[in-house]
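The next block is entry_10.txt, given as compact mmCIF, C-alpha atoms and all ligand atoms.
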```
# COMPACT_ATOMS: atom_id res chain seq x y z
CA MET A 1406 0.00 0.00 0.00
CA HIS A 1407 2.99 2.27 -0.12
CA VAL A 1408 4.35 1.75 -3.61
CA HIS A 1409 4.56 4.31 -6.41
CA LEU A 1410 3.80 2.99 -9.90
CA GLU A 1411 6.44 5.27 -11.43
CA GLY A 1412 8.95 3.73 -9.01
CA CYS A 1413 8.18 0.26 -10.40
CA LEU A 1414 9.74 1.14 -13.79
CA GLU A 1415 12.62 -1.33 -14.21
CA PRO A 1416 15.62 -0.24 -16.33
CA GLU A 1417 14.89 -2.74 -19.13
CA LEU A 1418 11.32 -1.47 -19.62
CA LEU A 1419 12.47 2.15 -19.28
CA LEU A 1420 15.00 1.71 -22.11
CA ALA A 1421 12.53 -0.22 -24.28
CA LEU A 1422 9.92 2.55 -23.91
CA ALA A 1423 12.55 5.24 -24.61
CA ARG A 1424 13.37 3.49 -27.89
CA ARG A 1425 9.73 2.85 -28.81
CA ASN A 1426 8.68 6.44 -28.06
CA GLN A 1427 11.88 8.01 -29.41
CA VAL A 1428 12.61 9.77 -26.14
CA ALA A 1429 16.32 10.58 -25.67
CA VAL A 1430 17.68 9.33 -22.34
CA PRO A 1431 21.22 9.65 -20.93
CA TRP A 1432 21.62 5.87 -20.35
CA GLN A 1433 22.55 3.31 -23.04
CA THR A 1434 22.23 0.14 -20.97
CA ALA A 1435 20.31 -1.13 -17.96
CA ASP A 1436 23.59 -1.43 -16.04
CA GLN A 1437 24.42 2.22 -16.74
CA LEU A 1438 21.03 3.22 -15.39
CA ARG A 1439 21.46 1.03 -12.28
CA ASP A 1440 24.83 2.69 -11.67
CA ALA A 1441 22.91 5.98 -11.35
CA TYR A 1442 20.89 4.58 -8.40
CA GLN A 1443 23.00 6.42 -5.85
CA PHE A 1444 20.94 8.87 -3.87
CA ARG A 1445 22.01 11.48 -1.34
CA ASP A 1446 18.48 12.37 -0.25
CA LEU A 1447 14.85 12.42 -1.38
CA ARG A 1448 15.41 15.28 -3.84
CA SER A 1449 18.28 13.56 -5.68
CA PHE A 1450 16.10 10.46 -6.00
CA LEU A 1451 13.10 12.42 -7.29
CA ASP A 1452 15.30 14.04 -9.96
CA LEU A 1453 16.17 10.62 -11.46
CA TYR A 1454 12.65 9.27 -10.93
CA PHE A 1455 11.03 12.20 -12.78
CA ALA A 1456 13.62 11.86 -15.59
CA GLY A 1457 12.64 8.18 -15.95
CA CYS A 1458 8.96 9.13 -16.16
CA LEU A 1459 9.58 10.97 -19.46
CA VAL A 1460 9.58 7.67 -21.41
CA LEU A 1461 5.96 6.89 -20.45
CA ARG A 1462 3.83 8.49 -23.17
CA ASN A 1463 0.72 6.51 -24.04
CA GLN A 1464 -1.93 4.16 -22.67
CA GLN A 1465 -0.05 1.01 -23.69
CA ASP A 1466 3.06 2.17 -21.78
CA PHE A 1467 1.10 2.58 -18.54
CA TYR A 1468 -0.60 -0.76 -19.16
CA GLU A 1469 2.74 -2.58 -19.53
CA LEU A 1470 4.27 -0.89 -16.46
CA THR A 1471 1.27 -1.79 -14.31
CA ALA A 1472 0.98 -5.35 -15.65
CA ALA A 1473 4.68 -6.01 -14.94
CA GLN A 1474 4.42 -4.68 -11.37
CA LEU A 1475 1.27 -6.69 -10.62
CA ASP A 1476 2.93 -9.89 -11.86
CA ARG A 1477 5.96 -9.21 -9.63
CA ALA A 1478 3.71 -8.45 -6.64
CA HIS A 1479 1.77 -11.67 -7.26
CA GLN A 1480 5.05 -13.62 -7.34
CA ASP A 1481 6.00 -11.97 -4.04
CA GLY A 1482 2.82 -13.37 -2.47
CA VAL A 1483 0.88 -10.11 -2.44
CA ALA A 1484 -2.90 -10.68 -2.27
CA HIS A 1485 -3.91 -7.04 -2.56
CA THR A 1486 -1.99 -3.88 -3.45
CA GLU A 1487 -2.86 -0.20 -3.43
CA ILE A 1488 -0.63 1.70 -5.85
CA PHE A 1489 0.13 5.42 -5.89
CA PHE A 1490 0.22 7.17 -9.23
CA GLY A 1491 0.96 10.87 -9.74
CA PRO A 1492 -0.62 12.21 -12.96
CA GLN A 1493 0.92 15.70 -12.67
CA THR A 1494 4.33 14.44 -13.85
CA PHE A 1495 2.77 13.31 -17.13
CA THR A 1496 0.11 15.92 -17.83
CA ASP A 1497 2.99 18.45 -17.54
CA HIS A 1498 4.46 16.87 -20.68
CA GLY A 1499 1.27 16.60 -22.71
CA VAL A 1500 0.19 13.07 -21.76
CA PRO A 1501 -3.61 13.05 -21.32
CA VAL A 1502 -4.64 11.94 -17.83
CA GLY A 1503 -6.99 9.38 -19.40
CA SER A 1504 -4.12 7.64 -21.23
CA ALA A 1505 -2.45 7.00 -17.91
CA LEU A 1506 -5.52 6.10 -15.83
CA ASN A 1507 -7.15 3.88 -18.47
CA GLY A 1508 -3.88 2.00 -19.05
CA ILE A 1509 -3.43 1.43 -15.32
CA LEU A 1510 -7.06 0.43 -14.68
CA ASP A 1511 -7.15 -1.96 -17.67
CA ALA A 1512 -3.96 -3.64 -16.41
CA ILE A 1513 -5.45 -4.00 -12.91
CA ALA A 1514 -8.57 -5.67 -14.33
CA ASP A 1515 -6.56 -8.05 -16.54
CA ALA A 1516 -4.09 -8.95 -13.77
CA GLY A 1517 -7.00 -9.86 -11.51
CA GLU A 1518 -8.23 -12.33 -14.14
CA ARG A 1519 -4.72 -13.64 -14.89
CA THR A 1520 -3.41 -14.20 -11.34
CA GLY A 1521 -6.21 -13.37 -8.91
CA ILE A 1522 -4.32 -10.38 -7.47
CA SER A 1523 -6.50 -7.55 -6.20
CA ALA A 1524 -5.24 -4.02 -6.84
CA SER A 1525 -6.52 -0.50 -6.52
CA LEU A 1526 -5.37 2.94 -7.52
CA LEU A 1527 -4.40 5.84 -5.25
CA VAL A 1528 -4.03 9.16 -7.05
CA SER A 1529 -1.09 11.10 -5.66
CA THR A 1530 -0.37 14.83 -5.82
CA HIS A 1531 2.94 16.64 -5.41
CA ARG A 1532 3.42 18.78 -2.31
CA HIS A 1533 6.14 20.82 -4.05
CA ARG A 1534 3.42 22.15 -6.35
CA SER A 1535 0.69 24.61 -5.42
CA GLU A 1536 -2.64 24.06 -3.70
CA SER A 1537 -4.41 25.10 -6.91
CA ASP A 1538 -2.44 22.45 -8.86
CA ALA A 1539 -3.79 19.86 -6.40
CA PHE A 1540 -7.37 21.07 -6.88
CA ALA A 1541 -6.91 21.02 -10.68
CA LEU A 1542 -5.69 17.43 -10.49
CA LEU A 1543 -8.72 16.46 -8.40
CA ASP A 1544 -11.05 17.98 -11.01
CA SER A 1545 -9.20 16.26 -13.87
CA VAL A 1546 -9.66 12.76 -12.44
CA ALA A 1547 -13.36 13.20 -11.59
CA PRO A 1548 -14.48 10.94 -14.51
CA TRP A 1549 -12.61 8.05 -12.84
CA ALA A 1550 -13.74 8.82 -9.26
CA ASP A 1551 -15.53 5.49 -8.74
CA ARG A 1552 -12.32 3.60 -9.66
CA ILE A 1553 -10.04 5.60 -7.35
CA ALA A 1554 -9.58 4.01 -3.91
CA GLY A 1555 -8.07 7.11 -2.34
CA PHE A 1556 -5.72 10.04 -2.64
CA GLY A 1557 -2.16 10.45 -1.44
CA MET A 1558 0.51 13.14 -1.44
CA GLY A 1559 4.25 12.85 -2.06
CA GLY A 1560 7.09 14.91 -3.48
CA ALA A 1561 9.78 17.12 -1.98
CA GLU A 1562 8.94 17.26 1.72
CA VAL A 1563 11.22 19.81 3.40
CA GLY A 1564 9.87 23.32 2.79
CA ASN A 1565 6.41 22.01 1.82
CA PRO A 1566 4.62 21.42 5.14
CA PRO A 1567 1.23 19.70 5.36
CA GLU A 1568 -0.48 22.98 6.39
CA LYS A 1569 -0.15 24.03 2.73
CA PHE A 1570 -2.88 21.51 1.80
CA VAL A 1571 -5.51 21.78 4.57
CA ARG A 1572 -8.26 22.95 2.19
CA TYR A 1573 -7.37 20.27 -0.37
CA PHE A 1574 -7.67 17.46 2.18
CA ASP A 1575 -10.93 18.96 3.48
CA GLU A 1576 -12.26 18.82 -0.08
CA LEU A 1577 -11.09 15.20 -0.56
CA ARG A 1578 -12.94 14.24 2.61
CA ARG A 1579 -16.02 16.23 1.57
CA GLN A 1580 -16.08 14.23 -1.68
CA GLY A 1581 -15.92 10.99 0.35
CA PHE A 1582 -12.37 9.90 -0.56
CA ARG A 1583 -9.94 8.04 1.69
CA THR A 1584 -6.66 9.88 2.16
CA CYS A 1585 -3.04 9.31 3.00
CA VAL A 1586 -0.08 11.63 3.11
CA HIS A 1587 3.70 11.26 3.13
CA ALA A 1588 5.01 12.94 6.30
CA GLY A 1589 8.08 12.59 8.45
CA GLU A 1590 10.23 10.88 5.80
CA GLU A 1591 12.84 13.66 5.78
CA GLY A 1592 10.70 16.34 7.37
CA PRO A 1593 10.58 16.93 11.14
CA ALA A 1594 8.15 15.51 13.68
CA ASP A 1595 6.24 18.79 13.47
CA TYR A 1596 5.30 17.90 9.87
CA VAL A 1597 3.90 14.58 11.15
CA ARG A 1598 1.94 16.52 13.77
CA GLN A 1599 0.59 18.90 11.12
CA ALA A 1600 -0.36 15.98 8.88
CA PHE A 1601 -2.11 14.18 11.75
CA GLU A 1602 -3.93 17.19 13.21
CA LEU A 1603 -4.66 19.32 10.14
CA LEU A 1604 -5.02 16.83 7.26
CA ARG A 1605 -6.48 13.98 9.40
CA PRO A 1606 -5.49 11.25 6.90
CA ASP A 1607 -6.56 7.61 7.07
CA ARG A 1608 -2.87 6.66 6.86
CA ILE A 1609 0.48 8.39 7.27
CA ASP A 1610 3.17 7.30 4.79
CA HIS A 1611 6.65 6.90 6.36
CA GLY A 1612 6.21 8.95 9.57
CA ILE A 1613 9.51 7.75 10.99
CA THR A 1614 10.54 11.11 12.48
CA ILE A 1615 7.50 10.87 14.77
CA LEU A 1616 9.84 9.32 17.37
CA ASP A 1617 11.27 12.80 18.01
CA ASP A 1618 7.93 13.79 19.59
CA GLN A 1619 6.86 11.22 22.19
CA ASP A 1620 3.59 13.05 22.97
CA LEU A 1621 2.67 12.75 19.30
CA VAL A 1622 3.65 9.05 19.32
CA ARG A 1623 1.12 8.48 22.12
CA GLU A 1624 -1.60 10.46 20.31
CA VAL A 1625 -1.11 8.67 16.96
CA ALA A 1626 -0.91 5.27 18.70
CA ALA A 1627 -4.14 6.02 20.60
CA ALA A 1628 -5.89 7.11 17.39
CA GLY A 1629 -4.70 3.91 15.66
CA THR A 1630 -3.63 5.84 12.55
CA PRO A 1631 -1.51 3.42 10.49
CA LEU A 1632 2.02 4.29 9.38
CA THR A 1633 3.34 2.69 6.19
CA VAL A 1634 7.07 2.28 6.72
CA CYS A 1635 9.64 1.63 3.95
CA PRO A 1636 12.97 0.73 5.59
CA VAL A 1637 14.94 -0.05 2.41
CA SER A 1638 13.83 3.27 0.90
CA ASN A 1639 14.92 5.13 4.04
CA VAL A 1640 18.41 3.62 3.82
CA ARG A 1641 18.77 4.20 0.07
CA LEU A 1642 17.75 7.86 0.49
CA GLN A 1643 20.15 8.20 3.45
CA VAL A 1644 17.36 9.17 5.83
CA VAL A 1645 18.55 6.32 8.09
CA PRO A 1646 22.25 5.30 8.12
CA SER A 1647 21.66 1.51 7.93
CA LEU A 1648 18.89 -1.07 8.19
CA ARG A 1649 20.21 -2.11 11.61
CA GLU A 1650 19.59 1.43 12.87
CA HIS A 1651 16.09 1.72 11.39
CA PRO A 1652 13.47 2.94 13.90
CA LEU A 1653 10.83 0.34 12.92
CA PRO A 1654 11.28 -1.81 16.07
CA ARG A 1655 11.00 1.28 18.28
CA MET A 1656 7.85 2.31 16.42
CA LEU A 1657 6.33 -1.13 17.06
CA ASP A 1658 7.36 -1.02 20.72
CA ALA A 1659 5.65 2.37 21.06
CA GLY A 1660 2.35 0.77 20.03
CA LEU A 1661 2.12 2.40 16.61
CA SER A 1662 0.27 0.51 13.86
CA VAL A 1663 3.19 -0.06 11.51
CA SER A 1664 3.30 -1.97 8.24
CA LEU A 1665 6.13 -2.72 5.81
CA HIS A 1666 6.35 -1.51 2.20
CA SER A 1667 8.69 -1.13 -0.78
CA ASP A 1668 8.02 2.53 -1.90
CA ASP A 1669 9.92 2.46 -5.23
CA PRO A 1670 10.98 -1.15 -5.80
CA ALA A 1671 12.81 -0.63 -9.12
CA TYR A 1672 14.98 2.25 -7.87
CA PHE A 1673 15.63 0.77 -4.43
CA GLU A 1674 16.12 -2.72 -5.93
CA SER A 1675 13.82 -4.34 -3.38
CA GLY A 1676 10.29 -5.64 -3.90
CA LEU A 1677 7.98 -6.51 -1.02
CA ALA A 1678 9.30 -10.04 -0.40
CA ALA A 1679 12.91 -8.78 -0.43
CA THR A 1680 11.92 -5.93 1.89
CA PHE A 1681 10.36 -8.37 4.39
CA ALA A 1682 13.47 -10.57 4.16
CA ALA A 1683 15.84 -7.63 4.68
CA ALA A 1684 13.86 -6.31 7.65
CA ALA A 1685 13.68 -9.80 9.17
CA GLU A 1686 17.43 -10.28 8.85
CA HIS A 1687 18.80 -6.89 9.82
CA LEU A 1688 16.20 -5.94 12.42
CA ASP A 1689 16.01 -9.46 13.92
CA LEU A 1690 12.24 -9.63 13.49
CA ASP A 1691 10.70 -12.99 14.43
CA ARG A 1692 7.84 -14.68 12.57
CA ALA A 1693 5.20 -13.32 14.94
CA THR A 1694 6.38 -9.75 14.34
CA LEU A 1695 6.48 -10.25 10.56
CA THR A 1696 2.93 -11.58 10.77
CA ASP A 1697 1.87 -8.54 12.82
CA LEU A 1698 3.33 -6.25 10.15
CA ALA A 1699 1.40 -8.07 7.42
CA ARG A 1700 -1.82 -8.02 9.48
CA ASN A 1701 -1.40 -4.31 10.15
CA SER A 1702 -1.23 -3.70 6.40
CA VAL A 1703 -4.49 -5.61 5.88
CA ARG A 1704 -6.18 -3.59 8.65
CA ALA A 1705 -4.87 -0.33 7.18
CA SER A 1706 -5.98 -1.14 3.63
CA PHE A 1707 -8.84 0.65 1.90
CA LEU A 1708 -10.58 -2.65 1.09
CA PRO A 1709 -14.21 -2.99 2.16
CA PRO A 1710 -14.51 -4.57 5.65
CA ALA A 1711 -15.56 -8.03 4.37
CA ALA A 1712 -12.59 -8.25 1.98
CA ARG A 1713 -10.27 -7.07 4.76
CA GLN A 1714 -11.65 -9.68 7.14
CA ALA A 1715 -11.12 -12.41 4.53
CA LEU A 1716 -7.39 -11.58 4.42
CA LEU A 1717 -6.95 -11.53 8.21
C1 LIG A 1801 7.62 10.47 -3.64
CL1 LIG A 1801 6.16 11.76 -5.52
C2 LIG A 1801 7.05 10.43 -4.89
N1 LIG A 1801 7.21 9.34 -5.63
C3 LIG A 1801 7.90 8.31 -5.15
N2 LIG A 1801 8.47 8.26 -3.97
C4 LIG A 1801 8.33 9.36 -3.22
N3 LIG A 1801 8.78 9.63 -1.98
C5 LIG A 1801 8.37 10.86 -1.67
N4 LIG A 1801 7.64 11.40 -2.67
ZN ZN A 1802 6.48 6.96 -0.92
```
Can I see the file as structure tokens?
Amino acid sequence: MHVHLEGCLEPELLLALARRNQVAVPWQTADQLRDAYQFRDLRSFLDLYFAGCLVLRNQQDFYELTAAQLDRAHQDGVAHTEIFFGPQTFTDHGVPVGSALNGILDAIADAGERTGISASLLVSTHRHRSESDAFALLDSVAPWADRIAGFGMGGAEVGNPPEKFVRYFDELRRQGFRTCVHAGEEGPADYVRQAFELLRPDRIDHGITILDDQDLVREVAAAGTPLTVCPVSNVRLQVVPSLREHPLPRMLDAGLSVSLHSDDPAYFESGLAATFAAAAEHLDLDRATLTDLARNSVRASFLPPAARQALL
């Protein structure tokens, strides 16, 4: 439930789409592109990630990207996935929002028939853009509203606090949508507090800096607001120095509802099964704890109650 479709673009597909769509890219081979997967922080990652997005141009491209990710998720044992997609990156470059959404939704329907995997779409906005950009995005996806499971928000965090989007989240709620928001990935605990108090999301994505505010930890734990944690991402973006030092065990000990996710599996070279394995090994998580993490993700999902219950 914390995975970005654009971050599922593997180097081989990226280069194939670049060739097919005649988009010039600075990498000749998949290995050259993988060599560029060295990130200092969130911003340096987003720069490469948005550059990769330029090869996705038409409905078939989005279909193939989604189909490939759903097959990998199925192989990893995923029963249900909720995938973020951020249309603003593409509409900026003249790709119609319908090309993207129809390609993604067709691939979700076909993957369900092919493998039985259940998947839904979360539309994500960029916090480094304006409030009016967010409202414009919401208007532009209205024709697909009944096939959108919820709305999220990502992008460059520091300097773009949650308070910037209070009216946008109020409007999402007014329209009956579920919401989640990235907060406390690189930003301070105060951004997590703002997200929790002002945006009142159904889930907080990342949220790891919450540990710097123990009062907030108690409030979020008491509210039961889920946090979707991505330890491999945090290490690759140098938010946390190593997996061994990741705060996930302390978050669990504090009574927070934590689950485990991949974020951008192509760029961080770790799908969900590999992420569970890495967390188990380097954080010494036992089977019961791994099961708790998986159960927490089911509880935090936007599935209808009966479908959620069936997975517990
Ligand atoms: C993100 Cl917009 C976006 N996409 C992927 N990963 C992210 N992390 C923070 N914002
Ligand atoms: Zn994310």
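Using all atoms listed in the file, residues with at least one atom at most 8 Å away from any atom of ligand ZN 1802 (chain A) are His1407, Val1408, His1409, Gly1559, His1587, Asp1610, His1611, Cys1635, Asp1668 and Asp1669 of chain A.
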Around ligand LIG 1801 (chain A), out to 8 Å and counting all atoms listed in the file, which residues are there? I want them as a PDB file with C-alpha atoms, in the frame of the given file.
```
ATOM      1  CA  VAL A1408       4.350   1.750  -3.610  1.00  0.00           C
ATOM      2  CA  HIS A1409       4.560   4.310  -6.410  1.00  0.00           C
ATOM      3  CA  GLU A1411       6.440   5.270 -11.430  1.00  0.00           C
ATOM      4  CA  GLY A1412       8.950   3.730  -9.010  1.00  0.00           C
ATOM      5  CA  LEU A1447      14.850  12.420  -1.380  1.00  0.00           C
ATOM      6  CA  LEU A1451      13.100  12.420  -7.290  1.00  0.00           C
ATOM      7  CA  TYR A1454      12.650   9.270 -10.930  1.00  0.00           C
ATOM      8  CA  GLY A1491       0.960  10.870  -9.740  1.00  0.00           C
ATOM      9  CA  SER A1529      -1.090  11.100  -5.660  1.00  0.00           C
ATOM     10  CA  THR A1530      -0.370  14.830  -5.820  1.00  0.00           C
ATOM     11  CA  HIS A1531       2.940  16.640  -5.410  1.00  0.00           C
ATOM     12  CA  MET A1558       0.510  13.140  -1.440  1.00  0.00           C
ATOM     13  CA  GLY A1559       4.250  12.850  -2.060  1.00  0.00           C
ATOM     14  CA  GLY A1560       7.090  14.910  -3.480  1.00  0.00           C
ATOM     15  CA  ALA A1561       9.780  17.120  -1.980  1.00  0.00           C
ATOM     16  CA  GLU A1562       8.940  17.260   1.720  1.00  0.00           C
ATOM     17  CA  HIS A1587       3.700  11.260   3.130  1.00  0.00           C
ATOM     18  CA  GLU A1590      10.230  10.880   5.800  1.00  0.00           C
ATOM     19  CA  ASP A1668       8.020   2.530  -1.900  1.00  0.00           C
ATOM     20  CA  ASP A1669       9.920   2.460  -5.230  1.00  0.00           C
TER      21      ASP A1669
END
```
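Between CA of Tyr1468 (chain A) and CA of Ala1512 (chain A) lies a distance of 5.2 Å.
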Nearby residues (only C-alpha atoms) at most 10 Å from Val1460 (chain A), same-chain spacing under 5 positions excluded, as a PDB file with C-alpha atoms, keeping the file's coordinate frame:
```
ATOM      1  CA  LEU A1418      11.320  -1.470 -19.620  1.00  0.00           C
ATOM      2  CA  LEU A1419      12.470   2.150 -19.280  1.00  0.00           C
ATOM      3  CA  LEU A1420      15.000   1.710 -22.110  1.00  0.00           C
ATOM      4  CA  ALA A1421      12.530  -0.220 -24.280  1.00  0.00           C
ATOM      5  CA  LEU A1422       9.920   2.550 -23.910  1.00  0.00           C
ATOM      6  CA  ALA A1423      12.550   5.240 -24.610  1.00  0.00           C
ATOM      7  CA  ARG A1424      13.370   3.490 -27.890  1.00  0.00           C
ATOM      8  CA  ARG A1425       9.730   2.850 -28.810  1.00  0.00           C
ATOM      9  CA  ASN A1426       8.680   6.440 -28.060  1.00  0.00           C
ATOM     10  CA  GLN A1427      11.880   8.010 -29.410  1.00  0.00           C
ATOM     11  CA  VAL A1428      12.610   9.770 -26.140  1.00  0.00           C
ATOM     12  CA  ALA A1429      16.320  10.580 -25.670  1.00  0.00           C
ATOM     13  CA  VAL A1430      17.680   9.330 -22.340  1.00  0.00           C
ATOM     14  CA  PHE A1455      11.030  12.200 -12.780  1.00  0.00           C
ATOM     15  CA  ASP A1466       3.060   2.170 -21.780  1.00  0.00           C
ATOM     16  CA  PHE A1495       2.770  13.310 -17.130  1.00  0.00           C
TER      17      PHE A1495
END
```
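Comparing the minimum interatomic distances between Ala1705 (chain A) and each of A:Arg1477, A:Arg1579, A:Arg1608, A:Arg1649, counting all atoms listed in the file, we find that A:Arg1608 sits nearest.
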For Leu1642 (chain A), please output as a PDB file with C-alpha atoms, in the frame of the given file all residues within 9 Å (counting all atoms listed in the file; exclusion window: fewer than 6 positions along the same chain).
```
ATOM      1  CA  GLN A1443      23.000   6.420  -5.850  1.00  0.00           C
ATOM      2  CA  PHE A1444      20.940   8.870  -3.870  1.00  0.00           C
ATOM      3  CA  ARG A1445      22.010  11.480  -1.340  1.00  0.00           C
ATOM      4  CA  ASP A1446      18.480  12.370  -0.250  1.00  0.00           C
ATOM      5  CA  LEU A1447      14.850  12.420  -1.380  1.00  0.00           C
ATOM      6  CA  ARG A1448      15.410  15.280  -3.840  1.00  0.00           C
ATOM      7  CA  SER A1449      18.280  13.560  -5.680  1.00  0.00           C
ATOM      8  CA  PHE A1450      16.100  10.460  -6.000  1.00  0.00           C
ATOM      9  CA  PHE A1673      15.630   0.770  -4.430  1.00  0.00           C
TER      10      PHE A1673
END
```
